[in-house]
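Before any comments, here is the structure.
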Amino acid sequence: MSTHSELDIQQVSLRSGLPSSTIRYYEEKGLIKPLGRKGLTRIFNANVLEKLSVISLGQFAGFSLDEIRVLLESGTTTEIDRSRLLEKSEEIERSIKLLSVISDTLQHVAHCPEHNQFDCAKFQSLLKKATRLQHKGVKKMKFK
């Protein structure tokens, strides 16, 4: 039987809402580590629930599992690399700006008074702005 600070994989699954297969996959990817085994059953420190919450939040924010693993590589604690969070936040802000321009462009094209939208000065301006933002975003993205 496990103590309050230890949970078997079924307890982790029940408390986190994640299937055991996902927990095993996260272990395989190096995101979480069991304390060991009791027979065939994996045993985890109770703080694994915090790590699983951080993993879920990271995925929601657009981090890949590999990026999340790097964020969590501080050992057994759930400390997070703040500089990487700021980098991701800036990346998201660039995406928001680009998507906003794209949305404005699509709205304008749908309601443009010109018969041919390419004859419209505002449409041409929006195209140039979208191109600048896209190239600016691509230059700042890191490809691994």
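Following the order of the structure tokens, chains are lettered A, B, ..., residues in each are numbered from 1, and ligands are numbered from 1.
Using only C-alpha atoms, the protein and nucleic acid residues lying no more than 12 Å from A:Leu35, apart from those fewer than 6 places from it along its own chain, are Ser2, Ser5, Glu6, Leu7, Asp8, Ile9, Glu27, Thr41, Arg42, Ile43, Phe44, Asn45, Ala46, Asn47, Val48 and Thr76 of chain A.
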A:Ile102 environment, 12 Å, only C-alpha atoms, sequence neighbours closer than 3 positions dropped, as a PyMOL selection string: chain A and resi 95-99+105-109+123+125-134
Mind pulling up the distance from atom CA of A:Leu31 to atom CA of A:Ile68?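 Between atom CA of A:Ile68 and atom CA of A:Leu31 the gap works out to 7.4 Å.
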Give me every helix (DSSP H, G or I) residue in stretch 27-84 of chain A, going by DSSP on the backbone, as a count of residues only. 25
When DSSP works through the backbone of this structure, what residues of chain A end up as strand (DSSP E or B), shown as a VMD selection string? chain A and resid 6 to 8 36 to 38 41 to 45
Atom-to-atom span, atom CA of A:Ser53 and atom CA of A:Arg84, Å: 17.6 Å
Stretch 54-60 of chain A surroundings by only C-alpha atoms, 9 Å radius, close-in-sequence under 5 positions cut, as an NGL selection string: :A and (31 or 49 or 65 or 67-69 or 72 or 78 or 80)
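The interatomic distance for the pair atom CA of A:Glu91 and atom CA of A:Val70 works out to 17.2 Å.
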